[in-house]
>>> print(open('start.cif').read())   # mmCIF, C-alpha atoms
data_start
loop_
_atom_site.label_atom_id
_atom_site.label_comp_id
_atom_site.auth_asym_id
_atom_site.auth_seq_id
_atom_site.Cartn_x
_atom_site.Cartn_y
_atom_site.Cartn_z
CA MET A 1 -24.94 22.72 -39.74
CA LYS A 2 -23.76 20.78 -42.74
CA VAL A 3 -23.27 24.03 -44.63
CA VAL A 4 -21.09 25.48 -41.85
CA ILE A 5 -18.84 22.41 -41.72
CA THR A 6 -18.54 22.28 -45.48
CA SER A 7 -17.75 25.96 -45.81
CA THR A 8 -15.24 25.76 -42.95
CA ILE A 9 -13.40 22.90 -44.64
CA VAL A 10 -13.45 24.72 -47.98
CA ALA A 11 -12.21 27.88 -46.27
CA VAL A 12 -9.33 26.08 -44.60
CA ILE A 13 -8.36 24.31 -47.82
CA LEU A 14 -8.43 27.56 -49.76
CA ALA A 15 -6.48 29.37 -47.09
CA LEU A 16 -3.83 26.66 -47.09
CA THR A 17 -3.77 26.63 -50.89
CA PHE A 18 -2.87 30.31 -50.90
CA SER A 19 -0.63 30.48 -47.92
CA LEU A 20 1.37 27.24 -47.90
CA PRO A 21 3.36 27.93 -51.06
CA ALA A 22 4.13 31.34 -49.69
CA LEU A 23 5.17 29.94 -46.34
CA ALA A 24 7.26 27.34 -48.07
CA GLN A 25 9.18 30.11 -49.81
CA GLU A 26 10.27 31.41 -46.44
CA ASN A 27 12.31 28.26 -46.15
CA GLY A 28 13.75 28.70 -49.65
CA THR A 29 17.27 27.62 -50.25
CA ILE A 30 19.90 30.06 -49.05
CA THR A 31 23.07 29.64 -51.03
CA ILE A 32 26.31 30.25 -49.19
CA THR A 33 29.28 30.20 -51.48
CA MET A 34 32.57 30.00 -49.64
CA THR A 35 35.09 30.71 -52.32
CA GLY A 36 36.60 27.30 -51.97
CA LEU A 37 40.09 26.91 -50.76
CA ASN A 38 40.95 30.57 -50.84
CA GLU A 39 43.10 31.43 -47.87
CA ILE A 40 44.12 34.99 -47.20
CA SER A 41 47.35 35.70 -45.37
CA ILE A 42 50.09 38.28 -45.21
CA SER A 43 53.05 38.34 -42.88
CA LEU A 44 55.40 41.03 -41.57
CA ASP A 45 58.94 40.15 -40.59
CA LYS A 46 59.17 43.02 -38.12
CA THR A 47 56.59 44.48 -35.79
CA GLN A 48 58.59 46.61 -33.34
CA TRP A 49 60.42 49.90 -33.51
CA PRO A 50 61.83 50.68 -30.06
CA LEU A 51 62.86 54.33 -30.22
CA GLY A 52 63.69 55.13 -26.62
CA ASP A 53 63.84 58.82 -25.76
CA VAL A 54 62.77 61.22 -28.49
CA ALA A 55 63.02 64.97 -28.89
CA SER A 56 60.19 67.25 -29.88
CA ASN A 57 59.68 68.39 -33.47
CA THR A 58 62.14 65.82 -34.76
CA GLU A 59 61.99 63.25 -37.53
CA TYR A 60 62.96 59.65 -36.88
CA GLU A 61 63.29 57.02 -39.58
CA THR A 62 63.54 53.28 -39.36
CA SER A 63 66.86 51.78 -40.27
CA PRO A 64 67.18 50.98 -43.08
CA PRO A 65 64.74 53.72 -44.02
CA ILE A 66 62.75 51.99 -46.73
CA GLU A 67 63.69 48.32 -46.45
CA TRP A 68 63.07 47.98 -42.75
CA CYS A 69 60.13 45.59 -42.84
CA THR A 70 59.06 43.04 -45.42
CA LEU A 71 55.43 42.27 -46.11
CA THR A 72 54.94 38.87 -47.74
CA VAL A 73 51.76 37.52 -49.29
CA GLU A 74 51.46 34.07 -47.74
CA GLY A 75 48.02 32.87 -48.76
CA ASN A 76 46.85 31.57 -52.10
CA CYS A 77 44.90 34.56 -53.34
CA ASN A 78 45.77 37.95 -54.73
CA VAL A 79 45.35 40.77 -52.26
CA ASN A 80 45.00 44.52 -52.00
CA THR A 81 46.60 46.00 -48.90
CA PHE A 82 45.83 49.02 -46.73
CA ILE A 83 47.38 50.89 -43.83
CA VAL A 84 45.91 52.81 -40.89
CA GLY A 85 47.34 54.45 -37.77
CA GLU A 86 45.95 55.69 -34.49
CA ASP A 87 46.65 58.20 -31.74
CA ALA A 88 49.64 57.42 -29.53
CA LYS A 89 48.53 56.87 -25.94
CA TRP A 90 50.33 57.23 -22.65
CA ILE A 91 50.98 53.67 -21.51
CA ASP A 92 50.44 54.40 -17.82
CA ASN A 93 47.07 56.10 -18.36
CA PRO A 94 45.84 55.87 -21.95
CA SER A 95 42.72 57.93 -21.35
CA ALA A 96 44.63 60.80 -19.69
CA TYR A 97 47.15 61.77 -22.34
CA LYS A 98 47.70 61.15 -26.02
CA TRP A 99 49.40 62.42 -29.11
CA THR A 100 46.87 62.89 -31.87
CA LEU A 101 47.86 61.39 -35.21
CA SER A 102 47.68 64.14 -37.82
CA ASN A 103 45.78 63.58 -41.05
CA ASP A 104 48.55 64.84 -43.31
CA GLY A 105 51.83 63.78 -41.71
CA THR A 106 52.51 67.16 -40.16
CA ASN A 107 52.93 67.86 -36.45
CA GLY A 108 51.75 70.33 -33.84
CA GLU A 109 51.40 70.56 -30.09
CA HIS A 110 50.59 67.03 -28.94
CA ILE A 111 50.08 66.15 -32.61
CA TYR A 112 52.45 63.79 -34.35
CA GLY A 113 52.96 62.58 -37.89
CA LEU A 114 53.59 59.12 -39.29
CA TRP A 115 54.73 58.26 -42.79
CA PHE A 116 55.56 55.12 -44.73
CA ARG A 117 57.60 54.59 -47.83
CA ILE A 118 57.64 51.47 -49.96
CA SER A 119 60.93 50.45 -51.51
CA GLY A 120 60.97 51.45 -55.15
CA ASP A 121 58.33 54.15 -54.68
CA THR A 122 60.25 57.34 -55.32
CA THR A 123 57.57 59.75 -56.41
CA ARG A 124 54.52 58.78 -54.40
CA GLY A 125 53.05 61.00 -51.70
CA PRO A 126 52.27 64.69 -51.26
CA LEU A 127 55.93 65.71 -51.38
CA GLY A 128 56.73 63.45 -54.32
CA ASP A 129 59.52 61.75 -52.38
CA GLY A 130 57.86 58.39 -51.90
CA TYR A 131 56.72 59.03 -48.34
CA VAL A 132 52.96 58.79 -47.70
CA PRO A 133 51.23 59.96 -44.51
CA ILE A 134 49.66 57.31 -42.32
CA THR A 135 46.33 58.57 -41.00
CA LYS A 136 43.48 57.30 -38.89
CA THR A 137 41.55 56.51 -42.07
CA GLU A 138 42.40 53.24 -43.73
CA SER A 139 44.18 54.10 -46.98
CA GLU A 140 45.85 52.26 -49.80
CA PHE A 141 49.20 50.62 -49.13
CA TRP A 142 49.59 48.58 -52.30
CA PRO A 143 48.35 48.90 -55.00
CA TYR A 144 47.34 52.55 -54.94
CA THR A 145 45.23 54.83 -57.07
CA GLY A 146 47.31 56.50 -59.73
CA GLY A 147 50.09 53.95 -59.45
CA SER A 148 51.01 51.39 -62.06
CA GLY A 149 51.16 48.49 -59.63
CA SER A 150 48.61 45.71 -59.44
CA SER A 151 47.31 43.51 -56.66
CA LEU A 152 49.92 41.45 -54.84
CA THR A 153 50.05 37.77 -55.75
CA PRO A 154 51.07 34.87 -53.48
CA GLY A 155 54.80 35.01 -52.80
CA ASP A 156 55.06 38.72 -53.58
CA THR A 157 56.93 40.90 -51.11
CA LYS A 158 56.96 44.62 -50.40
CA GLN A 159 59.66 46.26 -48.32
CA PHE A 160 58.88 49.48 -46.54
CA GLY A 161 60.06 51.83 -43.84
CA LEU A 162 58.49 54.32 -41.44
CA ARG A 163 59.07 57.91 -40.47
CA LEU A 164 57.94 59.52 -37.22
CA LEU A 165 57.60 63.27 -36.76
CA THR A 166 57.26 64.05 -33.07
CA PRO A 167 54.96 66.81 -31.75
CA THR A 168 56.27 70.35 -31.55
CA TYR A 169 55.45 70.17 -27.86
CA PHE A 170 54.58 67.25 -25.61
CA ILE A 171 54.65 66.35 -21.95
CA SER A 172 57.97 64.70 -21.32
CA SER A 173 58.84 61.54 -19.42
CA ARG A 174 55.76 59.69 -20.56
CA GLN A 175 56.00 56.42 -22.45
CA MET A 176 53.77 56.54 -25.48
CA GLN A 177 52.47 53.64 -27.53
CA THR A 178 50.68 53.40 -30.84
CA GLN A 179 49.85 50.84 -33.48
CA ILE A 180 49.90 50.82 -37.26
CA THR A 181 47.72 48.17 -38.84
CA ILE A 182 48.39 46.76 -42.27
CA SER A 183 45.39 44.95 -43.68
CA ALA A 184 44.64 42.84 -46.71
CA VAL A 185 41.55 41.78 -48.63
CA VAL A 186 41.18 39.39 -51.53
CA ALA A 187 41.52 41.35 -54.76
CA MET B 188 62.46 68.67 -24.80
CA ILE B 189 63.21 65.07 -24.33
CA GLY B 190 60.45 62.55 -23.89
CA ARG B 191 60.16 58.85 -24.04
CA ILE B 192 58.24 57.03 -26.65
CA LYS B 193 57.51 53.38 -26.59
CA LEU B 194 56.45 52.70 -30.10
CA ALA B 195 56.99 49.03 -30.03
CA GLY B 196 56.96 47.63 -26.56
CA LEU B 197 60.03 47.98 -24.38
CA ILE B 198 59.73 44.55 -22.85
CA ALA B 199 59.50 42.98 -26.24
CA ALA B 200 62.53 44.97 -27.33
CA LEU B 201 64.53 43.67 -24.37
CA LEU B 202 63.49 40.17 -25.27
CA VAL B 203 64.79 40.72 -28.76
CA ILE B 204 68.13 41.77 -27.33
CA PHE B 205 68.54 39.13 -24.66
CA PHE B 206 66.58 36.21 -26.02
CA PRO B 207 67.09 36.16 -29.79
CA SER B 208 65.35 32.82 -30.05
CA LEU B 209 62.11 34.49 -29.05
CA THR B 210 62.23 37.03 -31.82
CA LEU B 211 60.64 34.64 -34.27
CA ALA B 212 57.56 34.63 -32.11
CA GLN B 213 57.20 38.37 -32.63
CA ASP B 214 56.50 37.98 -36.34
CA ILE B 215 52.90 38.10 -37.40
CA ASN B 216 51.73 35.21 -39.48
CA PHE B 217 48.21 33.89 -39.61
CA SER B 218 45.66 33.11 -42.25
CA VAL B 219 41.90 33.15 -42.63
CA SER B 220 39.79 31.05 -44.94
CA PRO B 221 37.69 31.41 -46.91
CA ALA B 222 38.76 34.79 -48.20
CA GLU B 223 35.35 35.55 -49.64
CA VAL B 224 31.84 34.43 -48.65
CA LYS B 225 28.79 34.94 -50.84
CA ILE B 226 25.30 34.51 -49.43
CA ASP B 227 22.48 34.43 -51.97
CA ASN B 228 18.73 34.29 -51.58
CA LEU B 229 18.69 35.35 -47.94
CA SER B 230 15.16 36.44 -47.07
CA PRO B 231 14.43 39.46 -44.89
CA GLY B 232 13.61 37.96 -41.53
CA GLY B 233 15.99 35.09 -42.23
CA ALA B 234 19.50 34.30 -41.07
CA ALA B 235 22.53 32.46 -42.38
CA GLU B 236 25.56 31.05 -40.64
CA PHE B 237 28.99 30.08 -41.81
CA GLU B 238 32.41 29.45 -40.32
CA LEU B 239 35.75 31.15 -40.76
CA THR B 240 38.90 29.20 -40.04
CA ILE B 241 41.81 31.02 -38.42
CA HIS B 242 45.19 29.39 -38.71
CA ASN B 243 47.79 30.70 -36.28
CA LYS B 244 51.11 29.99 -37.94
CA ASN B 245 53.15 31.54 -35.13
CA GLU B 246 55.15 29.74 -32.46
CA VAL B 247 53.02 31.31 -29.71
CA ALA B 248 49.31 31.47 -29.01
CA HIS B 249 47.40 34.57 -30.09
CA VAL B 250 44.04 36.03 -29.25
CA PHE B 251 42.12 36.97 -32.38
CA THR B 252 39.37 39.57 -32.45
CA PHE B 253 36.65 40.09 -35.02
CA THR B 254 35.14 43.25 -36.43
CA THR B 255 33.15 44.43 -39.39
CA PHE B 256 34.40 47.15 -41.68
CA GLN B 257 32.53 49.03 -44.36
CA PRO B 258 34.98 49.55 -47.21
CA PRO B 259 34.89 52.63 -49.43
CA GLU B 260 32.76 52.22 -52.52
CA GLU B 261 35.75 51.97 -54.86
CA GLU B 262 36.98 48.88 -53.04
CA THR B 263 33.72 46.93 -53.26
CA ARG B 264 32.64 44.50 -55.95
CA GLU B 265 30.68 46.00 -58.82
CA GLY B 266 27.00 46.52 -58.08
CA ARG B 267 27.40 46.06 -54.34
CA ALA B 268 25.96 48.60 -51.95
CA GLU B 269 26.97 49.37 -48.38
CA PHE B 270 25.80 46.81 -45.84
CA PRO B 271 23.07 48.68 -43.94
CA ASN B 272 23.83 47.73 -40.35
CA ALA B 273 26.89 46.06 -38.85
CA SER B 274 24.83 44.87 -35.88
CA TRP B 275 23.15 42.33 -38.17
CA ILE B 276 26.43 40.43 -38.18
CA SER B 277 27.60 38.59 -35.10
CA PHE B 278 30.61 36.46 -34.28
CA PHE B 279 30.68 33.50 -31.96
CA PRO B 280 32.88 33.60 -30.03
CA GLN B 281 33.63 37.31 -30.20
CA GLU B 282 37.31 36.62 -29.68
CA ILE B 283 39.23 33.41 -29.65
CA GLU B 284 42.62 32.23 -28.50
CA VAL B 285 44.35 30.05 -31.03
CA ALA B 286 47.27 27.94 -29.86
CA ALA B 287 50.58 28.05 -31.68
CA LYS B 288 50.54 26.29 -35.04
CA SER B 289 46.85 25.55 -34.68
CA GLU B 290 43.51 26.32 -36.25
CA ALA B 291 40.20 27.40 -34.78
CA ASN B 292 36.79 28.24 -36.18
CA VAL B 293 34.57 31.21 -35.54
CA THR B 294 30.89 31.15 -36.46
CA VAL B 295 29.55 34.18 -38.27
CA SER B 296 25.82 34.82 -38.27
CA VAL B 297 24.05 37.22 -40.62
CA ALA B 298 20.45 38.08 -39.72
CA ILE B 299 18.35 40.42 -41.84
CA PRO B 300 15.36 42.18 -40.23
CA GLN B 301 11.95 41.30 -41.66
CA GLU B 302 11.26 44.47 -43.58
CA GLN B 303 10.24 44.73 -47.19
CA LYS B 304 12.85 47.41 -47.89
CA TRP B 305 15.65 44.88 -47.38
CA ALA B 306 14.35 42.57 -50.14
CA GLY B 307 16.22 42.32 -53.43
CA GLN B 308 19.43 43.95 -52.21
CA ASP B 309 23.09 43.27 -53.01
CA TRP B 310 25.45 44.32 -50.23
CA GLU B 311 29.10 44.02 -49.34
CA THR B 312 30.95 44.40 -46.10
CA TRP B 313 34.28 43.12 -44.80
CA LEU B 314 34.89 40.92 -41.78
CA GLY B 315 38.15 41.80 -40.05
CA VAL B 316 40.29 39.29 -38.18
CA ALA B 317 43.19 40.68 -36.15
CA ALA B 318 45.67 39.26 -33.68
CA GLU B 319 45.78 41.25 -30.44
CA SER B 320 49.20 42.78 -29.99
CA SER B 321 50.91 45.70 -28.34
CA ASP B 322 53.54 45.85 -31.06
CA LEU B 323 53.84 48.83 -33.34
CA LEU B 324 52.81 46.92 -36.44
CA GLY B 325 49.70 44.80 -36.55
CA VAL B 326 48.02 42.79 -39.28
CA LYS B 327 44.33 42.57 -40.04
CA LEU B 328 42.89 40.22 -42.64
CA TYR B 329 39.56 40.98 -44.23
CA VAL B 330 37.05 38.47 -45.57
CA ARG B 331 34.76 39.87 -48.22
CA LEU B 332 31.13 39.17 -47.31
CA LEU B 333 28.68 39.51 -50.18
CA VAL B 334 25.01 39.26 -49.21
CA SER B 335 22.10 39.16 -51.68
CA THR B 336 18.57 39.13 -50.34
CA ASN B 337 15.62 37.36 -51.86
CA PRO B 338 13.79 39.75 -54.21
CA ALA B 339 10.18 40.50 -53.18
CA MET B 340 9.89 37.24 -51.28
CA GLU B 341 8.14 38.85 -48.38
CA THR B 342 5.59 40.49 -50.65
CA ARG B 343 4.49 37.17 -52.07
CA SER B 344 4.57 35.52 -48.71
CA ASN B 345 2.43 38.13 -47.03
CA ALA B 346 0.10 38.41 -50.01
CA GLY B 347 -0.51 34.66 -49.93
CA LEU B 348 -1.17 34.65 -46.23
CA PHE B 349 -3.49 37.63 -46.37
CA ALA B 350 -5.36 36.21 -49.37
CA GLY B 351 -5.83 32.90 -47.59
CA ILE B 352 -7.06 34.53 -44.42
CA ALA B 353 -9.38 36.83 -46.35
CA VAL B 354 -10.91 33.93 -48.29
CA ALA B 355 -11.36 31.99 -45.05
CA ILE B 356 -13.11 34.91 -43.34
CA VAL B 357 -15.42 35.50 -46.30
CA LEU B 358 -16.35 31.83 -46.56
CA LEU B 359 -16.87 31.41 -42.83
CA GLY B 360 -18.95 34.55 -42.75
CA TYR B 361 -21.03 33.37 -45.64
CA GLY B 362 -21.46 29.94 -44.11
CA GLY B 363 -22.42 31.41 -40.74
CA TYR B 364 -24.86 33.79 -42.32
CA TYR B 365 -26.43 31.04 -44.42
CA TYR B 366 -26.66 28.70 -41.41
CA PHE B 367 -28.31 31.20 -39.09
CA ARG B 368 -30.61 32.37 -41.82
CA ARG B 369 -31.79 28.81 -42.41
CA LYS B 370 -32.11 28.21 -38.68
CA ALA B 371 -34.17 31.33 -38.27
CA ARG B 372 -36.52 30.30 -41.09
CA PRO B 373 -39.84 29.02 -39.65
CA GLY B 374 -40.78 25.38 -39.82
#
>>> encode(input="start.cif", output="structure tokens")
Amino acid sequence: MKVVITSTIVAVILALTFSLPALAQENGTITITMTGLNEISISLDKTQWPLGDVASNTEYETSPPIEWCTLTVEGNCNVNTFIVGEDAKWIDNPSAYKWTLSNDGTNGEHIYGLWFRISGDTTRGPLGDGYVPITKTESEFWPYTGGSGSSLTPGDTKQFGLRLLTPTYFISSRQMQTQITISAVVA
Amino acid sequence: MIGRIKLAGLIAALLVIFFPSLTLAQDINFSVSPAEVKIDNLSPGGAAEFELTIHNKNEVAHVFTFTTFQPPEEETREGRAEFPNASWISFFPQEIEVAAKSEANVTVSVAIPQEQKWAGQDWETWLGVAAESSDLLGVKLYVRLLVSTNPAMETRSNAGLFAGIAVAIVLLGYGGYYYFRRKARPG
């Protein structure tokens, strides 16, 4: 009996010797580094573009065309910015009718195009006129690949305008609504 | 063909016309801090929590929603791979209303499944904070989330446990065998 008790105690001690350090590691220190006082913020001085009635296969530009809205970096960190669009939906029944946002700024039946142009950008974009298509994939707003610009710093501003190319054919008398999202991440 | 497009919210447009004092409220201005969160030494099977602070700088209350976004590789920090599964990240609450000129916190939880393949990894994903709006232009702010998991922690932990259990079984078996053998010995 004595042997059983002794061996049991030894077994438990040995088991604990092996396993406790390992178990202790499960509670190892997790380091969470919150990059201090960094606050990210951008602001837009305009968020609406009420167009009213529009014709098919027609281009509409904000007024002024390229200095319509001002993006300002408000936080205390440098940022890279992006832009993304979405399909335009019929307000009364969003699931019943939409205009699909094209992936290259062109239009088609029930397909519309959106473009942006940043003030000072005269050669950017597929046509080399400064206008860049807005698509459903988040893409660079500023800075951009191939451009000489760098990340925006606190206090920096960027003025830009929009262009809408309506579908070649759409169902009339329906109010459509869409959203363009401008996003920012710490550089 | 003439159609109607409401790209920016007709009601809001009327407010701009008839109630100029309300136009300020249509601007988008909020901030999120911190702009970057780094979690180190997170073990597979473990979880970490931190808070994001949303500061609504507008004159009206806004509802803020939270999402995760996997950025393209060229936008991530060097050496960071794609975060494997967005469902490992949760927000509490999932949306929050922040009063005008006020701040509120959202708790973010990151939980890594207990699988060896997730040990020793360096990941990046972005946490998106957006103000709900029906305006044409919206703003989303991203917080960079960098997660590094504990290298091979689980291997050591399991090895220790298994070694301890194995030693215990061997010793108990030996003790039991020795005891019964002695007991069975005559006289």
>>> residues_around(input="start.cif", residues="A:Leu152", least_positions_apart="3", cutoff="7 Å", atoms="only C-alpha atoms", output="PyMOL selection string")
chain A and resi 78-80+156
>>> write_last_selection(input="start.cif", atoms="C-alpha atoms", output="PDB file, in the coordinates of the input")
ATOM      1  CA  ASN A  78      45.770  37.950 -54.730  1.00  0.00           C
ATOM      2  CA  VAL A  79      45.350  40.770 -52.260  1.00  0.00           C
ATOM      3  CA  ASN A  80      45.000  44.520 -52.000  1.00  0.00           C
ATOM      4  CA  ASP A 156      55.060  38.720 -53.580  1.00  0.00           C
TER       5      ASP A 156
END
>>> residues_around(input="start.cif", residues="B:Ser289", least_positions_apart="4", cutoff="7 Å", atoms="all atoms listed in the file", output="short mmCIF file (atom, residue, chain, number, x, y, z; two decimals) with C-alpha atoms, in the coordinates of the input")
data_model
loop_
_atom_site.label_atom_id
_atom_site.label_comp_id
_atom_site.auth_asym_id
_atom_site.auth_seq_id
_atom_site.Cartn_x
_atom_site.Cartn_y
_atom_site.Cartn_z
CA HIS B 242 45.19 29.39 -38.71
CA ASN B 243 47.79 30.70 -36.28
CA LYS B 244 51.11 29.99 -37.94
CA VAL B 285 44.35 30.05 -31.03
#
>>> closest_residue(input="start.cif", among="A:Gln175, A:Leu164, A:Glu67, A:Pro143", to="A:Leu101", atoms="only C-alpha atoms")
A:Leu164
>>> resolve_selection(input="start.cif", expression="the PyMOL selection byres ((chain A) within 6 of (chain B))", output="ChimeraX atom specification")
/A:4,7-8,11,15,18-19,22,30-35,38-41,43-50,52-56,172-185
>>> atom_distance(input="start.cif", atom1="atom CA of B:Pro271", atom2="atom CA of A:Ser151")
27.9 Å
>>> atom_distance(input="start.cif", atom1="atom CA of B:Ala286", atom2="atom CA of B:Thr254")
20.6 Å
>>> atom_distance(input="start.cif", atom1="atom CA of A:Ser63", atom2="atom CA of A:Glu86")
22.0 Å
>>> resolve_selection(input="start.cif", expression="the PyMOL selection byres ((chain B and resi 277) around 9)", output="PyMOL selection string")
chain B and resi 254+273-276+278-281+294-298
>>> resolve_selection(input="start.cif", expression="the PyMOL selection byres ((chain B and resi 306) around 6)", output="mmCIF file with C-alpha atoms, in the coordinates of the input")
data_model
loop_
_atom_site.group_PDB
_atom_site.id
_atom_site.type_symbol
_atom_site.label_atom_id
_atom_site.label_comp_id
_atom_site.auth_asym_id
_atom_site.auth_seq_id
_atom_site.Cartn_x
_atom_site.Cartn_y
_atom_site.Cartn_z
ATOM 1 C CA GLN B 303 10.240 44.730 -47.190
ATOM 2 C CA LYS B 304 12.850 47.410 -47.890
ATOM 3 C CA TRP B 305 15.650 44.880 -47.380
ATOM 4 C CA GLY B 307 16.220 42.320 -53.430
ATOM 5 C CA GLN B 308 19.430 43.950 -52.210
ATOM 6 C CA THR B 336 18.570 39.130 -50.340
ATOM 7 C CA ASN B 337 15.620 37.360 -51.860
ATOM 8 C CA PRO B 338 13.790 39.750 -54.210
ATOM 9 C CA ALA B 339 10.180 40.500 -53.180
#
>>> closest_residue(input="start.cif", among="B:Ile299, B:Val293, B:Ala268, B:Ala318", to="B:Thr252", atoms="all atoms listed in the file")
B:Ala318
>>> closest_residue(input="start.cif", among="B:Glu311, B:Glu282, B:Ala291, B:Glu302", to="B:Val250", atoms="only C-alpha atoms")
B:Glu282
>>> closest_residue(input="start.cif", among="A:Thr168, A:Thr62, A:Gln159, A:Thr100", to="A:Lys136", atoms="all atoms listed in the file")
A:Thr100
>>> residues_around(input="start.cif", residues="A:Ile42", least_positions_apart="4", cutoff="7 Å", atoms="all atoms listed in the file", output="mmCIF file with C-alpha atoms, in the coordinates of the input")
data_model
loop_
_atom_site.group_PDB
_atom_site.id
_atom_site.type_symbol
_atom_site.label_atom_id
_atom_site.label_comp_id
_atom_site.auth_asym_id
_atom_site.auth_seq_id
_atom_site.Cartn_x
_atom_site.Cartn_y
_atom_site.Cartn_z
ATOM 1 C CA LEU A 71 55.430 42.270 -46.110
ATOM 2 C CA THR A 72 54.940 38.870 -47.740
ATOM 3 C CA VAL A 73 51.760 37.520 -49.290
ATOM 4 C CA GLU A 74 51.460 34.070 -47.740
ATOM 5 C CA GLY A 75 48.020 32.870 -48.760
ATOM 6 C CA ASN B 216 51.730 35.210 -39.480
#
>>> residues_around(input="start.cif", residues="A:Tyr131", least_positions_apart="3", cutoff="6 Å", atoms="only C-alpha atoms", output="number ranges by chain")
A: 115-117, 125
>>> axis_aligned_box(input="start.cif", around="stretch 78-84 of chain A", padding_each_side="6 Å", output="JSON")
{"center_x": 46.2, "center_y": 45.4, "center_z": -47.8, "size_x": 14.4, "size_y": 26.9, "size_z": 25.8}
>>> decode(input="start.cif", residues="stretch 295-334 of chain B", atoms="C-alpha atoms", output="PDB file, in the first residue's frame")
ATOM      1  CA  VAL B 295     -13.350  45.058 -29.913  1.00  0.00           C
ATOM      2  CA  SER B 296     -12.645  41.414 -29.168  1.00  0.00           C
ATOM      3  CA  VAL B 297     -10.174  39.265 -31.083  1.00  0.00           C
ATOM      4  CA  ALA B 298     -10.393  35.512 -30.451  1.00  0.00           C
ATOM      5  CA  ILE B 299      -8.074  33.047 -32.168  1.00  0.00           C
ATOM      6  CA  PRO B 300      -9.176  29.398 -32.476  1.00  0.00           C
ATOM      7  CA  GLN B 301      -7.021  26.858 -30.651  1.00  0.00           C
ATOM      8  CA  GLU B 302      -5.250  25.330 -33.606  1.00  0.00           C
ATOM      9  CA  GLN B 303      -1.537  24.872 -34.013  1.00  0.00           C
ATOM     10  CA  LYS B 304      -1.578  26.341 -37.518  1.00  0.00           C
ATOM     11  CA  TRP B 305      -2.452  29.774 -36.118  1.00  0.00           C
ATOM     12  CA  ALA B 306       0.683  29.911 -33.924  1.00  0.00           C
ATOM     13  CA  GLY B 307       3.531  32.235 -34.846  1.00  0.00           C
ATOM     14  CA  GLN B 308       1.566  34.344 -37.332  1.00  0.00           C
ATOM     15  CA  ASP B 309       1.650  38.065 -38.135  1.00  0.00           C
ATOM     16  CA  TRP B 310      -1.613  39.366 -39.543  1.00  0.00           C
ATOM     17  CA  GLU B 311      -3.199  42.668 -40.446  1.00  0.00           C
ATOM     18  CA  THR B 312      -6.772  43.688 -40.985  1.00  0.00           C
ATOM     19  CA  TRP B 313      -8.614  47.006 -40.814  1.00  0.00           C
ATOM     20  CA  LEU B 314     -11.517  47.920 -38.560  1.00  0.00           C
ATOM     21  CA  GLY B 315     -13.933  50.270 -40.288  1.00  0.00           C
ATOM     22  CA  VAL B 316     -16.003  52.884 -38.468  1.00  0.00           C
ATOM     23  CA  ALA B 317     -18.677  54.674 -40.498  1.00  0.00           C
ATOM     24  CA  ALA B 318     -21.487  57.079 -39.717  1.00  0.00           C
ATOM     25  CA  GLU B 319     -24.820  55.899 -41.116  1.00  0.00           C
ATOM     26  CA  SER B 320     -26.068  58.361 -43.689  1.00  0.00           C
ATOM     27  CA  SER B 321     -28.256  58.552 -46.752  1.00  0.00           C
ATOM     28  CA  ASP B 322     -26.139  61.319 -48.237  1.00  0.00           C
ATOM     29  CA  LEU B 323     -24.203  60.827 -51.425  1.00  0.00           C
ATOM     30  CA  LEU B 324     -20.822  61.111 -49.742  1.00  0.00           C
ATOM     31  CA  GLY B 325     -19.920  59.098 -46.693  1.00  0.00           C
ATOM     32  CA  VAL B 326     -16.765  58.764 -44.632  1.00  0.00           C
ATOM     33  CA  LYS B 327     -15.259  55.607 -43.212  1.00  0.00           C
ATOM     34  CA  LEU B 328     -12.248  55.604 -40.916  1.00  0.00           C
ATOM     35  CA  TYR B 329     -10.079  52.537 -40.647  1.00  0.00           C
ATOM     36  CA  VAL B 330      -8.073  51.418 -37.633  1.00  0.00           C
ATOM     37  CA  ARG B 331      -5.125  49.222 -38.490  1.00  0.00           C
ATOM     38  CA  LEU B 332      -5.225  46.039 -36.406  1.00  0.00           C
ATOM     39  CA  LEU B 333      -1.956  44.129 -36.257  1.00  0.00           C
ATOM     40  CA  VAL B 334      -2.133  40.727 -34.568  1.00  0.00           C
TER      41      VAL B 334
END
